[in-house]
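Listing of coords_4.json, JSON, C-alpha atoms
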[["chain", "number", "residue", "atom", "x", "y", "z"],
["A", 1, "MET", "CA", 0.00, 0.00, 0.00],
["A", 2, "THR", "CA", 1.31, 3.47, -0.84],
["A", 3, "LEU", "CA", 2.15, 5.97, 1.87],
["A", 4, "PRO", "CA", -0.80, 8.09, 3.05],
["A", 5, "GLY", "CA", -1.36, 11.42, 1.33],
["A", 6, "THR", "CA", -3.81, 12.79, 3.90],
["A", 7, "PRO", "CA", -2.89, 13.82, 7.47],
["A", 8, "THR", "CA", -4.07, 11.62, 10.31],
["A", 9, "ARG", "CA", -7.49, 12.54, 11.69],
["A", 10, "VAL", "CA", -7.10, 13.12, 15.46],
["A", 11, "ASP", "CA", -9.83, 12.63, 18.07],
["A", 12, "TYR", "CA", -7.88, 13.47, 21.24],
["A", 13, "PRO", "CA", -8.45, 17.27, 21.11],
["A", 14, "SER", "CA", -12.10, 16.62, 21.97],
["A", 15, "GLY", "CA", -11.06, 14.33, 24.85],
["A", 16, "ALA", "CA", -11.57, 11.00, 23.07],
["A", 17, "LEU", "CA", -9.64, 8.06, 24.53],
["A", 18, "THR", "CA", -10.72, 5.32, 22.12],
["A", 19, "SER", "CA", -10.96, 5.20, 18.34],
["A", 20, "THR", "CA", -11.65, 2.58, 15.71],
["A", 21, "ALA", "CA", -9.32, 2.96, 12.75],
["A", 22, "THR", "CA", -7.96, 1.37, 9.59],
["A", 23, "VAL", "CA", -4.24, 0.67, 9.26],
["A", 24, "LEU", "CA", -2.86, 2.60, 6.28],
["A", 25, "HIS", "CA", 0.84, 1.82, 6.53],
["A", 26, "VAL", "CA", 3.27, -0.28, 8.58],
["A", 27, "ALA", "CA", 6.98, 0.53, 8.50],
["A", 28, "PRO", "CA", 10.03, -0.81, 10.37],
["A", 29, "ALA", "CA", 11.28, 1.22, 13.33],
["A", 30, "ALA", "CA", 14.19, 0.74, 15.73],
["A", 31, "ASP", "CA", 14.60, -1.97, 18.38],
["A", 32, "GLY", "CA", 12.24, -4.55, 16.90],
["A", 33, "LEU", "CA", 9.34, -2.13, 16.66],
["A", 34, "VAL", "CA", 7.15, -1.11, 13.75],
["A", 35, "ALA", "CA", 5.37, 2.17, 13.11],
["A", 36, "VAL", "CA", 1.66, 1.70, 12.56],
["A", 37, "VAL", "CA", -0.07, 4.58, 10.79],
["A", 38, "THR", "CA", -3.87, 4.66, 10.87],
["A", 39, "ASP", "CA", -6.45, 6.91, 9.23],
["A", 40, "THR", "CA", -7.62, 8.22, 12.61],
["A", 41, "THR", "CA", -6.44, 8.03, 16.21],
["A", 42, "SER", "CA", -7.37, 8.99, 19.74],
["A", 43, "PHE", "CA", -3.70, 8.77, 20.76],
["A", 44, "HIS", "CA", -1.77, 11.98, 21.44],
["A", 45, "PRO", "CA", 1.75, 11.73, 19.94],
["A", 46, "VAL", "CA", 4.89, 13.55, 20.97],
["A", 47, "ASP", "CA", 6.02, 16.15, 18.45],
["A", 48, "ALA", "CA", 9.81, 16.35, 18.15],
["A", 49, "ALA", "CA", 9.55, 19.93, 16.88],
["A", 50, "TRP", "CA", 8.17, 21.07, 20.27],
["A", 51, "PRO", "CA", 8.05, 18.05, 22.61],
["A", 52, "ASP", "CA", 6.20, 19.67, 25.49],
["A", 53, "GLN", "CA", 3.47, 17.07, 26.09],
["A", 54, "PRO", "CA", 4.61, 13.43, 26.04],
["A", 55, "ALA", "CA", 2.74, 10.73, 24.19],
["A", 56, "ASP", "CA", -0.24, 8.94, 25.64],
["A", 57, "ARG", "CA", 0.18, 5.44, 27.04],
["A", 58, "GLY", "CA", -2.15, 2.65, 25.93],
["A", 59, "VAL", "CA", -2.80, -0.29, 23.62],
["A", 60, "LEU", "CA", -3.63, -1.19, 20.05],
["A", 61, "ARG", "CA", -6.14, -4.04, 19.63],
["A", 62, "ALA", "CA", -6.32, -6.03, 16.42],
["A", 63, "GLY", "CA", -7.83, -9.44, 15.65],
["A", 64, "GLY", "CA", -8.09, -10.43, 19.30],
["A", 65, "ARG", "CA", -4.51, -9.32, 20.03],
["A", 66, "GLU", "CA", -3.62, -6.46, 22.37],
["A", 67, "LEU", "CA", -0.31, -4.73, 21.73],
["A", 68, "PRO", "CA", 1.15, -2.11, 24.09],
["A", 69, "ILE", "CA", 1.86, 1.13, 22.27],
["A", 70, "VAL", "CA", 5.49, 1.73, 23.22],
["A", 71, "ASP", "CA", 5.45, 5.29, 21.91],
["A", 72, "ALA", "CA", 3.55, 7.54, 19.52],
["A", 73, "VAL", "CA", 5.33, 10.17, 17.44],
["A", 74, "VAL", "CA", 4.58, 12.70, 14.75],
["A", 75, "ALA", "CA", 5.80, 11.29, 11.44],
["A", 76, "ALA", "CA", 5.97, 12.72, 7.94],
["A", 77, "THR", "CA", 6.26, 11.49, 4.38],
["A", 78, "ASP", "CA", 6.90, 12.99, 0.96],
["A", 79, "GLY", "CA", 5.39, 9.89, -0.62],
["A", 80, "ALA", "CA", 8.69, 8.04, -0.89],
["A", 81, "GLU", "CA", 9.61, 7.29, 2.74],
["A", 82, "LEU", "CA", 8.16, 7.55, 6.25],
["A", 83, "HIS", "CA", 10.24, 9.69, 8.63],
["A", 84, "LEU", "CA", 9.67, 9.27, 12.38],
["A", 85, "GLY", "CA", 9.97, 11.71, 15.26],
["A", 86, "ASP", "CA", 13.18, 13.73, 15.31],
["A", 87, "ALA", "CA", 14.14, 12.28, 11.90],
["A", 88, "VAL", "CA", 11.41, 14.36, 10.22],
["A", 89, "PRO", "CA", 13.47, 16.73, 8.00],
["A", 90, "VAL", "CA", 10.88, 19.47, 7.43],
["A", 91, "ARG", "CA", 8.53, 21.67, 9.41],
["A", 92, "LYS", "CA", 4.81, 21.02, 9.63],
["A", 93, "GLY", "CA", 2.95, 22.51, 6.72],
["A", 94, "THR", "CA", 5.80, 22.07, 4.26],
["A", 95, "GLU", "CA", 4.33, 21.73, 0.79],
["A", 96, "GLY", "CA", 4.43, 18.21, -0.61],
["A", 97, "TRP", "CA", 4.64, 16.56, 2.82],
["A", 98, "THR", "CA", 1.97, 14.70, 4.79],
["A", 99, "PHE", "CA", 2.10, 14.60, 8.60],
["A", 100, "LEU", "CA", 0.87, 11.54, 10.45],
["A", 101, "VAL", "CA", 0.63, 9.88, 13.85],
["A", 102, "ALA", "CA", 2.81, 6.76, 14.05],
["A", 103, "HIS", "CA", 2.07, 4.23, 16.83],
["A", 104, "LEU", "CA", 5.16, 2.19, 17.73],
["A", 105, "VAL", "CA", 4.40, -1.42, 18.64],
["A", 106, "ASP", "CA", 6.30, -4.71, 18.75],
["A", 107, "ALA", "CA", 6.78, -6.13, 15.28],
["A", 108, "ALA", "CA", 5.60, -9.53, 16.48],
["A", 109, "GLY", "CA", 1.84, -9.56, 16.11],
["A", 110, "ALA", "CA", 1.64, -6.12, 14.49],
["A", 111, "PRO", "CA", -1.47, -5.51, 12.39],
["A", 112, "ALA", "CA", -1.38, -5.58, 8.60],
["A", 113, "GLU", "CA", -2.18, -2.74, 6.24],
["A", 114, "GLY", "CA", -5.92, -2.58, 5.68],
["A", 115, "GLU", "CA", -6.75, -4.20, 9.03],
["A", 116, "GLU", "CA", -9.26, -2.56, 11.37],
["A", 117, "VAL", "CA", -7.90, -1.83, 14.84],
["A", 118, "GLU", "CA", -8.96, -0.21, 18.08],
["A", 119, "ILE", "CA", -6.67, 2.37, 19.70],
["A", 120, "VAL", "CA", -7.09, 2.98, 23.43],
["A", 121, "ALA", "CA", -5.33, 5.64, 25.51],
["A", 122, "ASP", "CA", -4.88, 5.25, 29.27],
["A", 123, "PRO", "CA", -7.44, 7.55, 30.96],
["A", 124, "GLU", "CA", -5.44, 8.20, 34.14],
["A", 125, "LEU", "CA", -2.30, 9.38, 32.36],
["A", 126, "ARG", "CA", -4.33, 11.43, 29.87],
["A", 127, "ALA", "CA", -6.15, 13.15, 32.75],
["A", 128, "ALA", "CA", -2.90, 13.91, 34.57],
["A", 129, "LEU", "CA", -1.21, 15.30, 31.44],
["A", 130, "SER", "CA", -4.29, 17.39, 30.65],
["A", 131, "VAL", "CA", -4.13, 18.88, 34.16],
["A", 132, "GLY", "CA", -0.44, 19.58, 33.66],
["A", 133, "HIS", "CA", -0.94, 21.25, 30.30],
["A", 134, "THR", "CA", -3.74, 23.55, 31.45],
["A", 135, "ALA", "CA", -1.72, 24.43, 34.56],
["A", 136, "CYS", "CA", 1.25, 25.24, 32.32],
["A", 137, "HIS", "CA", -0.69, 27.72, 30.18],
["A", 138, "LEU", "CA", -2.23, 29.42, 33.20],
["A", 139, "ALA", "CA", 1.12, 29.66, 35.00],
["A", 140, "SER", "CA", 2.75, 31.25, 31.94],
["A", 141, "LEU", "CA", 0.01, 33.89, 31.79],
["A", 142, "ALA", "CA", 0.30, 34.55, 35.53],
["A", 143, "LEU", "CA", 4.10, 34.83, 35.21],
["A", 144, "ASN", "CA", 3.72, 37.36, 32.39],
["A", 145, "ARG", "CA", 1.33, 39.42, 34.52],
["A", 146, "ALA", "CA", 3.65, 39.35, 37.53],
["A", 147, "LEU", "CA", 6.63, 40.53, 35.43],
["A", 148, "ALA", "CA", 4.74, 43.22, 33.51],
["A", 149, "GLY", "CA", 6.48, 46.14, 35.25],
["A", 150, "ARG", "CA", 10.01, 45.01, 34.36],
["A", 151, "TRP", "CA", 10.02, 46.07, 30.70],
["A", 152, "SER", "CA", 11.57, 49.31, 29.43],
["A", 153, "LYS", "CA", 10.48, 48.83, 25.79],
["A", 154, "GLU", "CA", 7.17, 47.93, 24.21],
["A", 155, "PRO", "CA", 7.16, 44.11, 24.10],
["A", 156, "ARG", "CA", 5.05, 41.57, 22.29],
["A", 157, "ARG", "CA", 1.78, 40.86, 24.11],
["A", 158, "ASP", "CA", 0.33, 37.59, 25.40],
["A", 159, "ALA", "CA", -3.20, 36.20, 25.12],
["A", 160, "LEU", "CA", -4.40, 38.51, 27.90],
["A", 161, "GLY", "CA", -2.57, 41.61, 26.70],
["A", 162, "ALA", "CA", 0.32, 41.47, 29.19],
["A", 163, "PRO", "CA", 3.97, 41.71, 28.10],
["A", 164, "ASP", "CA", 4.84, 38.23, 26.85],
["A", 165, "PHE", "CA", 7.87, 37.19, 28.90],
["A", 166, "ASP", "CA", 6.97, 33.52, 28.36],
["A", 167, "GLY", "CA", 6.83, 33.79, 24.57],
["A", 168, "THR", "CA", 9.97, 35.91, 24.40],
["A", 169, "ALA", "CA", 12.26, 34.01, 26.80],
["A", 170, "ILE", "CA", 11.05, 30.39, 26.68],
["A", 171, "GLN", "CA", 13.81, 27.82, 26.22],
["A", 172, "SER", "CA", 11.80, 24.65, 26.87],
["A", 173, "SER", "CA", 8.50, 23.52, 28.31],
["A", 174, "ARG", "CA", 7.78, 20.02, 29.58],
["A", 175, "ILE", "CA", 4.33, 18.84, 30.58],
["A", 176, "GLU", "CA", 4.29, 16.24, 33.35],
["A", 177, "ALA", "CA", 1.56, 14.43, 35.25],
["A", 178, "ASP", "CA", -0.29, 17.19, 37.15],
["A", 179, "GLY", "CA", 2.32, 19.82, 36.39],
["A", 180, "SER", "CA", 4.97, 21.34, 34.18],
["A", 181, "VAL", "CA", 8.55, 22.62, 34.13],
["A", 182, "ASP", "CA", 9.32, 25.73, 32.07],
["A", 183, "ARG", "CA", 12.80, 27.15, 31.48],
["A", 184, "TYR", "CA", 13.47, 30.77, 30.44],
["A", 185, "ARG", "CA", 16.81, 32.12, 29.18],
["A", 186, "LEU", "CA", 17.74, 35.49, 30.74],
["A", 187, "ASN", "CA", 20.14, 36.34, 27.92],
["A", 188, "LYS", "CA", 21.31, 39.35, 25.93],
["A", 189, "SER", "CA", 18.42, 39.03, 23.48],
["A", 190, "LEU", "CA", 15.94, 39.38, 26.33],
["A", 191, "ARG", "CA", 17.78, 42.42, 27.67],
["A", 192, "ARG", "CA", 17.82, 44.00, 24.20],
["A", 193, "ALA", "CA", 14.06, 43.43, 24.04],
["A", 194, "GLY", "CA", 13.80, 45.67, 27.10],
["A", 195, "PHE", "CA", 13.42, 43.22, 29.99],
["A", 196, "ASP", "CA", 15.29, 43.95, 33.24],
["A", 197, "THR", "CA", 16.97, 40.58, 33.76],
["A", 198, "ALA", "CA", 19.00, 41.91, 36.71],
["A", 199, "SER", "CA", 15.77, 42.27, 38.71],
["A", 200, "LEU", "CA", 15.36, 38.51, 38.73],
["A", 201, "ASP", "CA", 17.67, 37.38, 41.52],
["A", 202, "GLU", "CA", 17.27, 34.69, 44.17],
["A", 203, "ALA", "CA", 16.00, 37.19, 46.74],
["A", 204, "SER", "CA", 13.14, 38.30, 44.48],
["A", 205, "LEU", "CA", 11.84, 34.83, 43.61],
["A", 206, "PRO", "CA", 9.70, 33.99, 46.69],
["A", 207, "ALA", "CA", 7.62, 37.17, 46.34],
["A", 208, "LEU", "CA", 7.28, 36.60, 42.60],
["A", 209, "ALA", "CA", 6.12, 33.02, 43.12],
["A", 210, "ALA", "CA", 3.57, 34.20, 45.70],
["A", 211, "GLU", "CA", 2.19, 36.76, 43.25],
["A", 212, "ILE", "CA", 1.86, 34.11, 40.53],
["A", 213, "GLU", "CA", 0.12, 31.73, 42.94],
["A", 214, "ALA", "CA", -2.35, 34.44, 44.01],
["A", 215, "THR", "CA", -3.37, 34.98, 40.39],
["A", 216, "LEU", "CA", -3.69, 31.23, 39.81],
["A", 217, "THR", "CA", -5.77, 30.77, 42.95],
["A", 218, "ALA", "CA", -8.26, 33.36, 41.67],
["A", 219, "TRP", "CA", -8.42, 31.74, 38.24],
["A", 220, "VAL", "CA", -8.97, 28.26, 39.70],
["A", 221, "ALA", "CA", -11.67, 29.59, 42.03],
["A", 222, "ALA", "CA", -13.46, 31.09, 39.01],
["A", 223, "ASP", "CA", -13.84, 27.57, 37.54],
["A", 224, "ALA", "CA", -13.39, 29.13, 34.09],
["A", 225, "ALA", "CA", -14.37, 27.03, 31.09],
["A", 226, "VAL", "CA", -11.56, 25.55, 28.99],
["A", 227, "ARG", "CA", -11.89, 24.16, 25.47],
["A", 228, "ILE", "CA", -9.92, 23.32, 22.36],
["A", 229, "GLU", "CA", -11.00, 25.01, 19.14],
["A", 230, "ALA", "CA", -9.85, 23.33, 15.92],
["A", 231, "GLU", "CA", -9.96, 24.61, 12.37],
["A", 232, "GLY", "CA", -10.30, 21.04, 11.14],
["A", 233, "PRO", "CA", -10.08, 17.39, 12.22],
["A", 234, "THR", "CA", -6.54, 16.48, 11.16],
["A", 235, "LEU", "CA", -3.16, 16.55, 12.88],
["A", 236, "THR", "CA", -2.00, 19.59, 10.94],
["A", 237, "ASP", "CA", -5.12, 21.72, 11.34],
["A", 238, "ARG", "CA", -4.54, 24.69, 13.62],
["A", 239, "ARG", "CA", -5.84, 24.22, 17.17],
["A", 240, "SER", "CA", -6.12, 26.68, 20.04],
["A", 241, "TRP", "CA", -6.50, 26.43, 23.80],
["A", 242, "VAL", "CA", -9.29, 28.77, 24.87],
["A", 243, "CYS", "CA", -9.93, 29.71, 28.50],
["A", 244, "GLU", "CA", -12.75, 32.05, 29.56],
["A", 245, "LEU", "CA", -11.01, 33.76, 32.48],
["A", 246, "PRO", "CA", -12.94, 36.32, 34.55],
["A", 247, "ASP", "CA", -11.20, 39.38, 33.08],
["A", 248, "ALA", "CA", -10.76, 38.16, 29.48],
["A", 249, "THR", "CA", -10.76, 35.11, 27.24],
["A", 250, "ALA", "CA", -7.29, 33.72, 26.58],
["A", 251, "ARG", "CA", -6.49, 31.98, 23.30],
["A", 252, "ILE", "CA", -3.15, 30.21, 22.77],
["A", 253, "PRO", "CA", -2.12, 27.96, 19.82],
["A", 254, "CYS", "CA", -1.80, 24.45, 21.25],
["A", 255, "GLY", "CA", -1.75, 20.86, 20.02],
["A", 256, "GLY", "CA", -2.13, 19.20, 23.42],
["A", 257, "THR", "CA", -4.92, 18.00, 25.68],
["A", 258, "HIS", "CA", -6.62, 19.87, 28.52],
["A", 259, "VAL", "CA", -9.16, 19.74, 31.33],
["A", 260, "ALA", "CA", -12.65, 21.22, 30.88],
["A", 261, "SER", "CA", -12.35, 23.98, 33.48],
["A", 262, "THR", "CA", -9.78, 25.68, 35.69],
["A", 263, "GLY", "CA", -11.54, 24.38, 38.79],
["A", 264, "ALA", "CA", -10.36, 20.86, 37.93],
["A", 265, "LEU", "CA", -6.80, 21.88, 38.80],
["A", 266, "GLY", "CA", -7.49, 22.23, 42.53],
["A", 267, "GLY", "CA", -4.53, 23.81, 44.31],
["A", 268, "LEU", "CA", -1.55, 25.13, 42.34],
["A", 269, "ASP", "CA", 1.97, 25.48, 43.71],
["A", 270, "VAL", "CA", 4.69, 27.42, 41.87],
["A", 271, "GLN", "CA", 8.41, 27.13, 42.59],
["A", 272, "LEU", "CA", 10.97, 29.43, 40.96],
["A", 273, "SER", "CA", 14.73, 28.92, 40.81],
["A", 274, "LEU", "CA", 17.73, 30.25, 38.90],
["A", 275, "ARG", "CA", 20.13, 27.91, 37.11],
["A", 276, "ASP", "CA", 23.24, 28.41, 35.01],
["A", 277, "ASP", "CA", 23.32, 27.19, 31.41],
["A", 278, "ALA", "CA", 26.88, 27.60, 30.05],
["A", 279, "GLY", "CA", 27.14, 31.03, 31.62],
["A", 280, "THR", "CA", 23.60, 32.17, 30.82],
["A", 281, "PRO", "CA", 21.14, 32.47, 33.73],
["A", 282, "VAL", "CA", 17.96, 30.42, 33.31],
["A", 283, "LEU", "CA", 14.75, 30.95, 35.27],
["A", 284, "VAL", "CA", 13.02, 27.64, 36.00],
["A", 285, "MET", "CA", 9.31, 27.63, 36.88],
["A", 286, "THR", "CA", 7.92, 24.37, 38.27],
["A", 287, "THR", "CA", 4.14, 24.23, 38.52],
["A", 288, "ARG", "CA", 2.32, 21.52, 40.46],
["A", 289, "ALA", "CA", -1.44, 20.98, 40.65],
["A", 290, "THR", "CA", -3.42, 19.09, 43.27],
["A", 291, "PRO", "CA", -6.48, 18.07, 41.21],
["A", 292, "ARG", "CA", -9.77, 17.80, 43.00],
["A", 293, "GLY", "CA", -11.12, 14.28, 43.22]]
Write-out of the structure in structure tokens:
Amino acid sequence: MTLPGTPTRVDYPSGALTSTATVLHVAPAADGLVAVVTDTTSFHPVDAAWPDQPADRGVLRAGGRELPIVDAVVAATDGAELHLGDAVPVRKGTEGWTFLVAHLVDAAGAPAEGEEVEIVADPELRAALSVGHTACHLASLALNRALAGRWSKEPRRDALGAPDFDGTAIQSSRIEADGSVDRYRLNKSLRRAGFDTASLDEASLPALAAEIEATLTAWVAADAAVRIEAEGPTLTDRRSWVCELPDATARIPCGGTHVASTGALGGLDVQLSLRDDAGTPVLVMTTRATPRG
């Protein structure tokens, strides 16, 4: 069977955990695994281009067999070869390329092309990662608000209109179960953009964390509605995280999964620290949620 020419249809943005799909392509992968590409999936993959949210955990069922899905990655093809994960040589949206979700399973017992399968994501991990991702977005907005007075030039603005420290300084973001870890480079580029990096020292961090937590506490108490808006059903269609906060509605481009309201996060704890990265200071923000039962 030829390589797919249409992006994978994804059900996870709406919260789906299970999907019935047809296998379109099976290709060898490393370590005795194969990559199974289906027409649709409920399984959130990791995207090597911005690997903030890890892949779901779960199983692929086919013909009475149940195969653990070892990993799920964004893949791409130009029609000649399937490239997996960090081996994808082009950016999403590149003309002539199709982007897909590849489920990595053991080659022994793998389904055949054309076979109907069921894909099932683990609900507990999905829920925990969704909590972590929503907490991450809220914490970034609260951080931006808390740092708003430290700019000497007109900066870019975030989804709520505050100076966008997060978008300007972000080095990496990692979603974890019920939390996230975000790293921000306090480098020359940030100073040239007008941010007072010298004001972020160890002595200032406890008060800053307390201010961020106060904002988050108010947003959680508001139980604001959260949703994903998608321009279409496929992996490459633009999707946005939308949160109806009390003072404004925030909208952030996002390909991950989320809870239905801020109240689901329960308590939120924020820890700030400064690290050194080859001589460049890095602000690390660790956010932890205590979801309500």
A:Leu33, A:Ala102, A:Ala62, A:Ala107 ranked by distance to Thr77 of chain A, top pick (using only C-alpha atoms)
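Counting only C-alpha atoms, the residue closest to Thr77 of chain A is A:Ala102.
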As an exercise, work out the distance from atom CA of Thr215 of chain A to atom CA of Leu268 of chain A in Å and give it to one decimal place.
10.2 Å
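The two atoms in question, atom CA of Thr262 of chain A and atom CA of Ile119 of chain A, are spaced 28.4 Å apart.
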Rank A:Gly58, A:Pro123, A:Pro7, A:Pro45 by their smallest atom-to-atom distance to Gly93 of chain A, using all atoms listed in the file, and report the top residue only.
A:Pro7
So that I can check the surroundings of segment 197-208 of chain A, please list as a PyMOL selection string every protein, DNA and RNA residue that reaches within 8 Å of it, counting all atoms listed in the file and ignoring chain neighbours fewer than 2 positions away.
chain A and resi 146+150+186-187+190-191+195+210-212+272-274
Residue among A:Pro163, A:Pro51, A:Pro4, A:Gly32 lying closest to Gly256 of chain A, counting all atoms listed in the file
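Looking at the shortest contact to Gly256 of chain A, the residue is A:Pro51.
Distance-wise, atom CA of Thr8 of chain A and atom CA of Val101 of chain A end up 6.1 Å apart.
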